[in-house]
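Source file: my_file-v4.txt; contents: compact mmCIF, C-alpha atoms and all ligand atoms.
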```txt
# COMPACT_ATOMS: atom_id res chain seq x y z
CA MET A 1 -11.22 -22.53 0.83
CA LEU A 2 -10.79 -20.01 -1.91
CA ASN A 3 -11.97 -21.06 -5.35
CA LYS A 4 -9.88 -20.02 -8.31
CA ARG A 5 -12.07 -17.65 -10.28
CA PRO A 6 -11.67 -14.20 -11.78
CA LEU A 7 -12.26 -11.56 -9.09
CA ILE A 8 -13.12 -8.92 -11.68
CA ALA A 9 -13.74 -9.17 -15.40
CA ASP A 10 -10.02 -9.16 -16.27
CA ASN A 11 -7.21 -6.74 -16.99
CA ALA A 12 -8.69 -5.93 -20.38
CA GLY A 13 -12.00 -5.09 -18.67
CA THR A 14 -10.21 -2.71 -16.36
CA MET A 15 -8.61 -0.87 -19.25
CA THR A 16 -11.99 -0.50 -20.94
CA MET A 17 -13.39 1.09 -17.83
CA LEU A 18 -10.54 3.58 -17.79
CA SER A 19 -10.75 4.29 -21.51
CA ASP A 20 -11.14 8.03 -21.15
CA CYS A 21 -7.51 8.21 -19.93
CA PRO A 22 -5.24 9.79 -22.53
CA ALA A 23 -3.33 7.13 -24.47
CA PRO A 24 0.14 6.52 -23.03
CA ALA A 25 3.02 7.80 -25.15
CA LYS A 26 4.61 4.35 -25.19
CA ALA A 27 2.94 0.99 -24.80
CA ALA A 28 3.45 -0.29 -21.24
CA PRO A 29 5.33 -3.59 -21.05
CA SER A 30 2.92 -6.47 -20.52
CA LEU A 31 2.40 -6.87 -16.83
CA THR A 32 4.08 -9.96 -15.40
CA ASP A 33 5.71 -10.76 -12.08
CA GLU A 34 9.13 -10.38 -13.68
CA VAL A 35 8.37 -6.89 -15.01
CA VAL A 36 7.11 -5.70 -11.61
CA PHE A 37 10.06 -7.32 -9.82
CA ASP A 38 12.52 -5.56 -12.17
CA TYR A 39 10.68 -2.27 -11.65
CA TRP A 40 11.26 -2.41 -7.87
CA GLN A 41 14.80 -3.73 -8.15
CA ASN A 42 15.69 -0.83 -10.47
CA LYS A 43 13.84 1.71 -8.37
CA ALA A 44 15.88 0.70 -5.32
CA ALA A 45 19.14 0.73 -7.31
CA GLU A 46 18.40 4.19 -8.76
CA SER A 47 16.92 5.96 -5.74
CA GLY A 48 18.72 4.32 -2.81
CA ASP A 49 17.37 5.31 0.58
CA ARG A 50 15.50 8.48 -0.47
CA PRO A 51 12.31 8.72 1.61
CA ASP A 52 10.08 8.78 -1.48
CA VAL A 53 11.41 5.63 -3.19
CA THR A 54 8.28 3.57 -2.57
CA ILE A 55 5.65 6.36 -2.49
CA ARG A 56 6.10 9.90 -3.77
CA ASP A 57 3.55 11.41 -1.38
CA THR A 58 5.38 11.16 1.93
CA HIS A 59 2.84 13.42 3.69
CA TYR A 60 0.17 10.86 2.88
CA LEU A 61 2.48 8.06 4.05
CA ASP A 62 2.96 9.83 7.41
CA LEU A 63 -0.80 10.10 7.84
CA GLU A 64 -1.26 6.42 7.06
CA ILE A 65 1.58 5.27 9.33
CA GLY A 66 0.08 7.31 12.19
CA LYS A 67 -3.26 5.57 11.77
CA ILE A 68 -1.72 2.09 11.52
CA CYS A 69 0.29 2.71 14.71
CA THR A 70 -2.93 3.31 16.68
CA HIS A 71 -3.62 -0.42 16.11
CA LEU A 72 -0.27 -1.61 17.49
CA THR A 73 0.38 -2.56 21.13
CA PRO A 74 3.71 -2.99 22.97
CA SER A 75 3.37 -6.81 23.02
CA ASP A 76 2.65 -7.20 19.29
CA ARG A 77 4.73 -9.38 16.96
CA VAL A 78 4.37 -7.68 13.58
CA LEU A 79 5.01 -8.72 9.99
CA ASP A 80 5.48 -5.84 7.49
CA VAL A 81 4.98 -7.35 4.02
CA GLY A 82 6.33 -5.41 1.02
CA CYS A 83 8.41 -3.34 3.44
CA GLY A 84 10.49 -1.65 0.71
CA THR A 85 13.41 0.31 2.17
CA GLY A 86 12.16 -0.30 5.70
CA ILE A 87 11.15 3.28 6.55
CA THR A 88 7.74 2.12 7.70
CA THR A 89 9.14 -0.93 9.51
CA GLY A 90 11.33 1.26 11.73
CA ARG A 91 8.35 3.48 12.56
CA PHE A 92 6.22 0.45 13.55
CA ALA A 93 9.04 -0.92 15.72
CA ARG A 94 8.60 2.03 18.08
CA HIS A 95 5.09 0.76 18.95
CA CYS A 96 5.50 -3.03 19.30
CA ALA A 97 7.70 -5.85 20.58
CA GLU A 98 9.14 -7.15 17.31
CA VAL A 99 8.83 -6.51 13.54
CA VAL A 100 9.93 -8.59 10.59
CA GLY A 101 10.08 -6.72 7.27
CA VAL A 102 9.73 -8.87 4.14
CA ASP A 103 10.17 -7.78 0.53
CA PHE A 104 10.75 -9.73 -2.68
CA SER A 105 13.36 -7.21 -3.92
CA PRO A 106 16.87 -8.01 -2.60
CA ASN A 107 17.91 -4.43 -3.44
CA MET A 108 15.13 -3.07 -1.18
CA ILE A 109 16.13 -5.43 1.63
CA ALA A 110 19.80 -4.40 1.33
CA ILE A 111 18.80 -0.72 1.75
CA ALA A 112 16.50 -1.61 4.66
CA ARG A 113 19.34 -3.43 6.44
CA ASP A 114 21.72 -0.48 5.94
CA ARG A 115 19.07 1.91 7.21
CA LEU A 116 18.50 -0.26 10.28
CA ALA A 117 22.14 0.19 11.28
CA THR A 118 21.41 3.93 11.71
CA GLU A 119 18.43 3.38 14.08
CA PRO A 120 18.78 3.65 17.88
CA PRO A 121 19.76 0.35 19.58
CA ASP A 122 16.30 -0.28 21.11
CA VAL A 123 14.69 -0.08 17.64
CA ARG A 124 17.49 -2.08 15.98
CA GLY A 125 17.01 -4.90 18.48
CA LYS A 126 13.35 -5.32 17.51
CA VAL A 127 13.67 -5.41 13.71
CA ARG A 128 14.91 -7.86 11.11
CA PHE A 129 14.54 -7.97 7.33
CA GLU A 130 14.15 -10.97 5.05
CA CYS A 131 13.67 -11.51 1.32
CA GLY A 132 10.40 -13.24 0.59
CA ASP A 133 7.25 -13.27 -1.49
CA ALA A 134 3.87 -12.24 -0.05
CA ARG A 135 2.27 -15.29 -1.71
CA ARG A 136 4.61 -17.82 -0.09
CA LEU A 137 5.61 -16.55 3.34
CA ASP A 138 8.34 -18.51 5.07
CA PHE A 139 6.84 -18.44 8.58
CA PRO A 140 4.92 -21.05 10.60
CA ASP A 141 1.15 -20.70 11.03
CA ARG A 142 0.00 -18.17 13.67
CA THR A 143 3.41 -16.50 14.12
CA PHE A 144 2.23 -12.87 14.28
CA SER A 145 -0.39 -10.79 16.08
CA ARG A 146 -0.37 -8.08 13.38
CA VAL A 147 0.32 -8.17 9.65
CA ILE A 148 0.81 -4.83 7.89
CA SER A 149 0.82 -4.62 4.11
CA GLN A 150 0.95 -1.25 2.36
CA ARG A 151 0.51 -1.22 -1.44
CA CYS A 152 2.08 -4.65 -1.87
CA LEU A 153 -0.97 -6.42 -3.35
CA ILE A 154 -1.37 -3.89 -6.17
CA ASN A 155 2.06 -5.02 -7.34
CA ILE A 156 0.79 -8.55 -7.90
CA PRO A 157 -0.60 -8.54 -11.46
CA ASP A 158 -2.94 -11.51 -11.06
CA ARG A 159 -6.13 -10.92 -9.05
CA TRP A 160 -6.34 -14.52 -7.90
CA GLU A 161 -2.78 -14.28 -6.55
CA GLN A 162 -3.63 -11.02 -4.74
CA ALA A 163 -6.27 -12.93 -2.79
CA GLN A 164 -3.86 -15.83 -2.34
CA ALA A 165 -1.39 -13.45 -0.64
CA VAL A 166 -4.11 -12.33 1.77
CA HIS A 167 -4.78 -15.97 2.62
CA GLU A 168 -1.06 -16.28 3.41
CA TYR A 169 -1.40 -13.25 5.70
CA ALA A 170 -4.27 -15.09 7.41
CA ARG A 171 -2.20 -18.25 7.82
CA VAL A 172 0.67 -16.49 9.64
CA LEU A 173 -1.69 -14.41 11.83
CA ALA A 174 -2.92 -15.73 15.17
CA PRO A 175 -6.75 -15.95 15.45
CA GLY A 176 -8.09 -12.56 16.50
CA GLY A 177 -4.97 -10.84 15.10
CA LEU A 178 -5.28 -7.79 12.85
CA LEU A 179 -4.40 -7.30 9.22
CA LEU A 180 -3.75 -3.61 8.45
CA LEU A 181 -4.02 -3.54 4.69
CA SER A 182 -3.50 -0.31 2.80
CA GLU A 183 -4.17 -0.57 -0.91
CA VAL A 184 -5.47 1.37 -3.89
CA THR A 185 -8.94 0.43 -5.11
CA LEU A 186 -10.61 0.86 -8.49
CA GLN A 187 -13.56 2.44 -6.70
CA GLY A 188 -11.37 4.97 -4.85
CA HIS A 189 -9.63 5.80 -8.10
CA GLU A 190 -13.01 6.45 -9.74
CA ARG A 191 -14.21 8.55 -6.76
CA VAL A 192 -11.24 10.90 -6.80
CA ASN A 193 -11.53 11.24 -10.59
CA HIS A 194 -15.24 11.97 -10.21
CA PHE A 195 -14.38 14.97 -8.00
CA ARG A 196 -11.56 16.08 -10.28
CA ARG A 197 -13.90 16.00 -13.28
CA GLN A 198 -16.34 18.33 -11.51
CA PHE A 199 -13.56 20.92 -11.24
CA GLY A 200 -12.24 20.46 -14.78
CA LEU A 201 -9.11 18.57 -13.67
CA SER A 202 -7.68 15.72 -15.75
CA ARG A 203 -8.08 12.09 -14.68
CA LEU A 204 -5.38 10.58 -12.50
CA LYS A 205 -3.75 7.70 -14.32
CA VAL A 206 -3.38 4.14 -13.09
CA HIS A 207 0.32 3.46 -12.48
CA TRP A 208 1.32 1.10 -15.28
CA HIS A 209 2.86 -1.48 -12.94
CA ASN A 210 -0.18 -1.62 -10.61
CA THR A 211 -3.36 -3.71 -10.53
CA TYR A 212 -5.84 -1.89 -8.29
CA LEU A 213 -8.24 -3.90 -6.12
CA ASP A 214 -11.91 -4.27 -6.99
CA GLU A 215 -13.12 -3.62 -3.45
CA PRO A 216 -16.41 -5.57 -3.19
CA ALA A 217 -15.06 -8.64 -5.01
CA PHE A 218 -11.85 -8.56 -3.02
CA LEU A 219 -13.63 -8.26 0.35
CA ALA A 220 -15.99 -11.11 -0.62
CA ASP A 221 -13.02 -13.34 -1.44
CA ILE A 222 -11.25 -12.79 1.85
CA ALA A 223 -14.47 -12.91 3.95
CA PRO A 224 -13.91 -16.59 4.98
CA VAL A 225 -10.71 -15.61 6.80
CA PHE A 226 -11.12 -11.92 7.70
CA LYS A 227 -13.89 -9.89 9.32
CA PRO A 228 -13.86 -6.16 8.45
CA VAL A 229 -13.40 -3.96 11.53
CA ASP A 230 -12.95 -0.53 9.93
CA THR A 231 -12.07 1.14 6.64
CA ILE A 232 -10.22 4.45 6.74
CA ARG A 233 -10.19 6.45 3.51
CA PHE A 234 -8.36 9.73 4.25
CA GLY A 235 -10.70 11.51 1.83
CA THR A 236 -10.04 14.91 3.42
CA TYR A 237 -6.38 14.56 2.53
CA GLY A 238 -7.37 13.44 -0.97
CA PHE A 239 -9.73 16.37 -1.48
CA ILE A 240 -7.09 18.93 -0.50
CA SER A 241 -4.19 17.19 -2.24
CA LYS A 242 -5.86 15.93 -5.40
CA VAL A 243 -8.48 18.66 -6.00
CA ILE A 244 -7.70 21.93 -4.16
CA LEU A 245 -3.92 21.83 -4.63
CA PRO A 246 -4.05 21.09 -8.40
CA LEU A 247 -6.56 23.93 -8.82
CA LEU A 248 -4.24 26.24 -6.92
CA CYS A 249 -1.19 25.24 -9.01
CA ALA A 250 -2.88 24.98 -12.44
CA PRO A 251 -1.68 24.92 -15.17
CA ASP A 252 1.43 23.49 -13.45
CA GLU A 253 1.39 20.08 -11.78
CA PRO A 254 1.63 20.34 -7.98
CA SER A 255 4.62 18.74 -6.28
CA PHE A 256 4.05 16.07 -3.65
CA ASP A 257 6.07 18.03 -1.08
CA HIS A 258 3.99 21.22 -1.50
CA PRO A 259 3.35 22.86 1.95
CA LEU A 260 -0.40 22.49 1.41
CA ASN A 261 0.05 18.71 1.58
CA ALA A 262 1.60 19.14 5.05
CA VAL A 263 -1.46 21.18 6.06
CA ALA A 264 -3.73 18.56 4.48
CA ARG A 265 -2.12 15.90 6.65
CA GLN A 266 -2.71 17.98 9.81
CA ILE A 267 -6.36 18.60 8.94
CA ALA A 268 -6.94 14.96 7.96
CA GLU A 269 -5.64 13.77 11.33
CA LYS A 270 -8.66 15.51 12.90
CA MET A 271 -11.19 15.25 10.04
CA PRO A 272 -10.34 12.02 8.20
CA ASP A 273 -12.85 11.72 5.41
CA ILE A 274 -14.54 13.93 2.84
CA GLU A 275 -16.65 11.67 0.63
CA GLY A 276 -13.96 8.99 0.23
CA CYS A 277 -12.18 11.31 -2.20
CA ILE A 278 -8.95 9.31 -2.47
CA HIS A 279 -7.66 6.23 -4.24
CA HIS A 280 -6.13 4.70 -1.09
CA ALA A 281 -8.03 2.72 1.54
CA LEU A 282 -6.73 1.34 4.85
CA PHE A 283 -8.68 -1.83 5.69
CA VAL A 284 -8.57 -2.98 9.31
CA LEU A 285 -9.44 -6.69 9.22
CA ARG A 286 -9.65 -9.23 12.05
CA ARG A 287 -8.50 -12.82 11.57
CA ARG A 288 -11.49 -15.10 12.19
C1 LIG B 1 4.61 0.59 -3.09
S1 LIG B 1 5.97 -0.20 -2.34
C2 LIG B 1 5.48 -0.04 -0.64
C3 LIG B 1 6.64 -0.07 0.33
C4 LIG B 1 6.28 0.28 1.77
N1 LIG B 1 5.32 -0.67 2.31
C5 LIG B 1 5.71 1.68 1.86
O1 LIG B 1 4.52 1.87 2.12
O2 LIG B 1 6.50 2.63 1.66
C6 LIG B 1 5.66 -1.90 -2.67
C7 LIG B 1 6.75 -2.82 -2.17
O3 LIG B 1 6.25 -4.17 -2.27
C8 LIG B 1 7.29 -5.00 -2.78
N2 LIG B 1 6.61 -6.15 -3.41
C9 LIG B 1 5.89 -6.16 -4.54
N3 LIG B 1 5.38 -7.38 -4.78
C10 LIG B 1 5.79 -8.17 -3.75
C11 LIG B 1 5.58 -9.53 -3.43
N4 LIG B 1 4.86 -10.34 -4.21
N5 LIG B 1 6.11 -10.01 -2.28
C12 LIG B 1 6.86 -9.19 -1.48
N6 LIG B 1 7.11 -7.90 -1.76
C13 LIG B 1 6.58 -7.39 -2.88
C14 LIG B 1 8.08 -4.12 -3.72
O4 LIG B 1 9.40 -4.58 -3.90
C15 LIG B 1 8.05 -2.77 -3.00
O5 LIG B 1 9.13 -2.61 -2.13
```
So that I can check it, write out the structure of this file as structure tokens.
Ligand SMILES: C[S@@+](CC[C@H](N)C(=O)[O-])C[C@H]1O[C@@H](n2cnc3c(N)ncnc32)[C@H](O)[C@@H]1O
Amino acid sequence: MLNKRPLIADNAGTMTMLSDCPAPAKAAPSLTDEVVFDYWQNKAAESGDRPDVTIRDTHYLDLEIGKICTHLTPSDRVLDVGCGTGITTGRFARHCAEVVGVDFSPNMIAIARDRLATEPPDVRGKVRFECGDARRLDFPDRTFSRVISQRCLINIPDRWEQAQAVHEYARVLAPGGLLLLSEVTLQGHERVNHFRRQFGLSRLKVHWHNTYLDEPAFLADIAPVFKPVDTIRFGTYGFISKVILPLLCAPDEPSFDHPLNAVARQIAEKMPDIEGCIHHALFVLRRR
């Protein structure tokens, strides 16, 4: 069983580590479940079904979805936790038998259901969406053969509860099933900033509503239930998108839909990693 203990110093410790970030113009609201919930509810209400509602870098998302799909088989029953507007859920449905998308934001689920109505009948028949919280999943033990969770944990402000959610993923997974967990880590964030510093680029900021994972502590906490199979870092994409592209566009900020990001995605499909130069990591974990 998991013991309740801090997985990393604490939120204050994290801020100290990132102290060379420029001070934010306004103080961020203190990070609670309610604040993060409101953030996603509002985001869905404001942006509707735009493809970049849940992640601005859709070229990166495509790369990640492609990699996740290589771990799906036609007989898989899949749970997509933190499914947002369901864009990813529909893509996964094309590679498996059934997918349930779960999100704690009713506004996100409403958009996902509307979007589903526009999918071809064979995809529609495999997908359903439900409101629910990653930490308290409303499914019996061992229901799924795959659980996919993309950037959901970083929206849980408490590090103990992040690990608790992963233990819920373990509960609903059949033994031997795979968890495909894509998150942002403190270490990845530091690595990409290390490269940016070498080229005189400013530090990337931590999104105010996110709590990035401390990778070694996190992996140690979930070790009783998950065995690591692979970690994919997409560092080639990160190097082109977060170092070369900003240098090319300086002093302007590059846009996420710049054509070089499309090229970066193509290159990264063949050459995945340059020095882990990205804040994202896709963990492939097997249920013990
Ligand atoms: C960064 S978005 C990712 C959406 C989608 N997986 C993707 O990759 O485009 C995070 C999503 O997780 C949802 N979320 C955050 N905390 C959650 C929780 N505790 N339980 C369920 N969903 C949650 C948010 O509402 C949001 O839709």
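Between CA of Ala268 (chain A) and CA of Pro254 (chain A) there is a distance of 18.9 Å.
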Environment of ligand LIG 1 (chain B) within 8 Å, counting all atoms listed in the file, reported as a PDB file with C-alpha atoms, in the frame of the given file:
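Done, and the output landed in pocket_8.pdb:
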```
ATOM      1  CA  ASP A  33       5.710 -10.760 -12.080  1.00  0.00           C
ATOM      2  CA  VAL A  36       7.110  -5.700 -11.610  1.00  0.00           C
ATOM      3  CA  PHE A  37      10.060  -7.320  -9.820  1.00  0.00           C
ATOM      4  CA  TRP A  40      11.260  -2.410  -7.870  1.00  0.00           C
ATOM      5  CA  GLN A  41      14.800  -3.730  -8.150  1.00  0.00           C
ATOM      6  CA  ASP A  52      10.080   8.780  -1.480  1.00  0.00           C
ATOM      7  CA  VAL A  53      11.410   5.630  -3.190  1.00  0.00           C
ATOM      8  CA  THR A  54       8.280   3.570  -2.570  1.00  0.00           C
ATOM      9  CA  ILE A  55       5.650   6.360  -2.490  1.00  0.00           C
ATOM     10  CA  LEU A  61       2.480   8.060   4.050  1.00  0.00           C
ATOM     11  CA  ASP A  80       5.480  -5.840   7.490  1.00  0.00           C
ATOM     12  CA  VAL A  81       4.980  -7.350   4.020  1.00  0.00           C
ATOM     13  CA  GLY A  82       6.330  -5.410   1.020  1.00  0.00           C
ATOM     14  CA  CYS A  83       8.410  -3.340   3.440  1.00  0.00           C
ATOM     15  CA  GLY A  84      10.490  -1.650   0.710  1.00  0.00           C
ATOM     16  CA  THR A  85      13.410   0.310   2.170  1.00  0.00           C
ATOM     17  CA  GLY A  86      12.160  -0.300   5.700  1.00  0.00           C
ATOM     18  CA  ILE A  87      11.150   3.280   6.550  1.00  0.00           C
ATOM     19  CA  THR A  88       7.740   2.120   7.700  1.00  0.00           C
ATOM     20  CA  VAL A 102       9.730  -8.870   4.140  1.00  0.00           C
ATOM     21  CA  ASP A 103      10.170  -7.780   0.530  1.00  0.00           C
ATOM     22  CA  PHE A 104      10.750  -9.730  -2.680  1.00  0.00           C
ATOM     23  CA  SER A 105      13.360  -7.210  -3.920  1.00  0.00           C
ATOM     24  CA  MET A 108      15.130  -3.070  -1.180  1.00  0.00           C
ATOM     25  CA  CYS A 131      13.670 -11.510   1.320  1.00  0.00           C
ATOM     26  CA  GLY A 132      10.400 -13.240   0.590  1.00  0.00           C
ATOM     27  CA  ASP A 133       7.250 -13.270  -1.490  1.00  0.00           C
ATOM     28  CA  ALA A 134       3.870 -12.240  -0.050  1.00  0.00           C
ATOM     29  CA  ARG A 135       2.270 -15.290  -1.710  1.00  0.00           C
ATOM     30  CA  SER A 149       0.820  -4.620   4.110  1.00  0.00           C
ATOM     31  CA  GLN A 150       0.950  -1.250   2.360  1.00  0.00           C
ATOM     32  CA  ARG A 151       0.510  -1.220  -1.440  1.00  0.00           C
ATOM     33  CA  CYS A 152       2.080  -4.650  -1.870  1.00  0.00           C
ATOM     34  CA  LEU A 153      -0.970  -6.420  -3.350  1.00  0.00           C
ATOM     35  CA  ILE A 154      -1.370  -3.890  -6.170  1.00  0.00           C
ATOM     36  CA  ASN A 155       2.060  -5.020  -7.340  1.00  0.00           C
ATOM     37  CA  ILE A 156       0.790  -8.550  -7.900  1.00  0.00           C
ATOM     38  CA  ALA A 165      -1.390 -13.450  -0.640  1.00  0.00           C
TER      39      ALA A 165
END
```
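The closest residue to Pro251 (chain A), picked from A:Ser202, A:Ser30, A:Asn193, A:Thr70 and counting only C-alpha atoms, is A:Ser202.
Nearest to Gly48 (chain A) of all the residues A:Ile109, A:Arg77, A:Cys96, A:Thr89 is A:Ile109, counting only C-alpha atoms.
Counting from CA of Glu215 (chain A), the distance to CA of Asp158 (chain A) is 15.0 Å.
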Mind listing as a short mmCIF file (atom, residue, chain, number, x, y, z; two decimals) with C-alpha atoms, in the coordinates of the input all residues within 8 Å of (16.2, -10.8, 9.1), counting only C-alpha atoms?
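As written to disk, part_18.cif reads:
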```
data_model
loop_
_atom_site.label_atom_id
_atom_site.label_comp_id
_atom_site.auth_asym_id
_atom_site.auth_seq_id
_atom_site.Cartn_x
_atom_site.Cartn_y
_atom_site.Cartn_z
CA VAL A 100 9.93 -8.59 10.59
CA GLY A 101 10.08 -6.72 7.27
CA VAL A 127 13.67 -5.41 13.71
CA ARG A 128 14.91 -7.86 11.11
CA PHE A 129 14.54 -7.97 7.33
CA GLU A 130 14.15 -10.97 5.05
#
```
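Closest approach to His167 (chain A) from the set A:Leu137, A:Ala44, A:Ile222, A:Val206 is made by A:Ile222, with distances taken over all atoms listed in the file.
Using only C-alpha atoms, the smallest distance between any of A:Leu282, A:Val184, A:Gly200, A:Met271 and Ala250 (chain A) comes from A:Gly200.
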Fill-in result for region 233-255 of chain A, N, CA and C atoms as a PDB file, in the frame of the given file:
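What follows is the written file rebuild_27.pdb:
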```pdb
ATOM      1  N   ARG A 233     -10.412   6.043   4.902  1.00  0.00           N
ATOM      2  CA  ARG A 233     -10.190   6.450   3.510  1.00  0.00           C
ATOM      3  C   ARG A 233      -9.400   7.744   3.334  1.00  0.00           C
ATOM      4  N   PHE A 234      -9.193   8.515   4.356  1.00  0.00           N
ATOM      5  CA  PHE A 234      -8.360   9.730   4.250  1.00  0.00           C
ATOM      6  C   PHE A 234      -8.841  10.652   3.121  1.00  0.00           C
ATOM      7  N   GLY A 235     -10.157  10.723   2.931  1.00  0.00           N
ATOM      8  CA  GLY A 235     -10.700  11.510   1.830  1.00  0.00           C
ATOM      9  C   GLY A 235     -10.481  13.010   1.985  1.00  0.00           C
ATOM     10  N   THR A 236     -10.321  13.481   3.229  1.00  0.00           N
ATOM     11  CA  THR A 236     -10.040  14.910   3.420  1.00  0.00           C
ATOM     12  C   THR A 236      -8.681  15.240   2.829  1.00  0.00           C
ATOM     13  N   TYR A 237      -7.710  14.357   3.117  1.00  0.00           N
ATOM     14  CA  TYR A 237      -6.380  14.560   2.530  1.00  0.00           C
ATOM     15  C   TYR A 237      -6.489  14.535   1.008  1.00  0.00           C
ATOM     16  N   GLY A 238      -7.231  13.564   0.482  1.00  0.00           N
ATOM     17  CA  GLY A 238      -7.370  13.440  -0.970  1.00  0.00           C
ATOM     18  C   GLY A 238      -8.009  14.673  -1.578  1.00  0.00           C
ATOM     19  N   PHE A 239      -9.033  15.214  -0.917  1.00  0.00           N
ATOM     20  CA  PHE A 239      -9.730  16.370  -1.480  1.00  0.00           C
ATOM     21  C   PHE A 239      -8.799  17.583  -1.564  1.00  0.00           C
ATOM     22  N   ILE A 240      -8.014  17.777  -0.490  1.00  0.00           N
ATOM     23  CA  ILE A 240      -7.090  18.930  -0.500  1.00  0.00           C
ATOM     24  C   ILE A 240      -5.957  18.685  -1.501  1.00  0.00           C
ATOM     25  N   SER A 241      -5.396  17.464  -1.453  1.00  0.00           N
ATOM     26  CA  SER A 241      -4.190  17.190  -2.240  1.00  0.00           C
ATOM     27  C   SER A 241      -4.459  16.938  -3.718  1.00  0.00           C
ATOM     28  N   LYS A 242      -5.599  16.331  -4.008  1.00  0.00           N
ATOM     29  CA  LYS A 242      -5.860  15.930  -5.400  1.00  0.00           C
ATOM     30  C   LYS A 242      -6.879  16.825  -6.103  1.00  0.00           C
ATOM     31  N   VAL A 243      -7.532  17.738  -5.354  1.00  0.00           N
ATOM     32  CA  VAL A 243      -8.480  18.660  -6.000  1.00  0.00           C
ATOM     33  C   VAL A 243      -8.065  20.121  -5.731  1.00  0.00           C
ATOM     34  N   ILE A 244      -7.998  20.511  -4.450  1.00  0.00           N
ATOM     35  CA  ILE A 244      -7.700  21.930  -4.160  1.00  0.00           C
ATOM     36  C   ILE A 244      -6.294  22.304  -4.624  1.00  0.00           C
ATOM     37  N   LEU A 245      -5.307  21.492  -4.271  1.00  0.00           N
ATOM     38  CA  LEU A 245      -3.920  21.830  -4.630  1.00  0.00           C
ATOM     39  C   LEU A 245      -3.714  21.914  -6.147  1.00  0.00           C
ATOM     40  N   PRO A 246      -4.210  20.950  -6.935  1.00  0.00           N
ATOM     41  CA  PRO A 246      -4.050  21.090  -8.400  1.00  0.00           C
ATOM     42  C   PRO A 246      -4.747  22.326  -8.954  1.00  0.00           C
ATOM     43  N   LEU A 247      -5.889  22.706  -8.352  1.00  0.00           N
ATOM     44  CA  LEU A 247      -6.560  23.930  -8.820  1.00  0.00           C
ATOM     45  C   LEU A 247      -5.705  25.153  -8.514  1.00  0.00           C
ATOM     46  N   LEU A 248      -5.095  25.127  -7.343  1.00  0.00           N
ATOM     47  CA  LEU A 248      -4.240  26.240  -6.920  1.00  0.00           C
ATOM     48  C   LEU A 248      -3.016  26.362  -7.826  1.00  0.00           C
ATOM     49  N   CYS A 249      -2.451  25.233  -8.247  1.00  0.00           N
ATOM     50  CA  CYS A 249      -1.190  25.240  -9.010  1.00  0.00           C
ATOM     51  C   CYS A 249      -1.398  25.313 -10.521  1.00  0.00           C
ATOM     52  N   ALA A 250      -2.627  25.064 -10.995  1.00  0.00           N
ATOM     53  CA  ALA A 250      -2.880  24.980 -12.440  1.00  0.00           C
ATOM     54  C   ALA A 250      -2.346  26.238 -13.130  1.00  0.00           C
ATOM     55  N   PRO A 251      -1.761  26.136 -14.349  1.00  0.00           N
ATOM     56  CA  PRO A 251      -1.680  24.920 -15.170  1.00  0.00           C
ATOM     57  C   PRO A 251      -0.501  24.011 -14.819  1.00  0.00           C
ATOM     58  N   ASP A 252       0.306  24.373 -13.805  1.00  0.00           N
ATOM     59  CA  ASP A 252       1.430  23.490 -13.450  1.00  0.00           C
ATOM     60  C   ASP A 252       0.919  22.319 -12.611  1.00  0.00           C
ATOM     61  N   GLU A 253       1.692  21.230 -12.630  1.00  0.00           N
ATOM     62  CA  GLU A 253       1.390  20.080 -11.780  1.00  0.00           C
ATOM     63  C   GLU A 253       1.893  20.388 -10.365  1.00  0.00           C
ATOM     64  N   PRO A 254       1.114  20.100  -9.336  1.00  0.00           N
ATOM     65  CA  PRO A 254       1.630  20.340  -7.980  1.00  0.00           C
ATOM     66  C   PRO A 254       2.707  19.322  -7.610  1.00  0.00           C
ATOM     67  N   SER A 255       3.609  19.719  -6.725  1.00  0.00           N
ATOM     68  CA  SER A 255       4.620  18.740  -6.280  1.00  0.00           C
ATOM     69  C   SER A 255       4.098  18.071  -5.002  1.00  0.00           C
TER      70      SER A 255
END
```
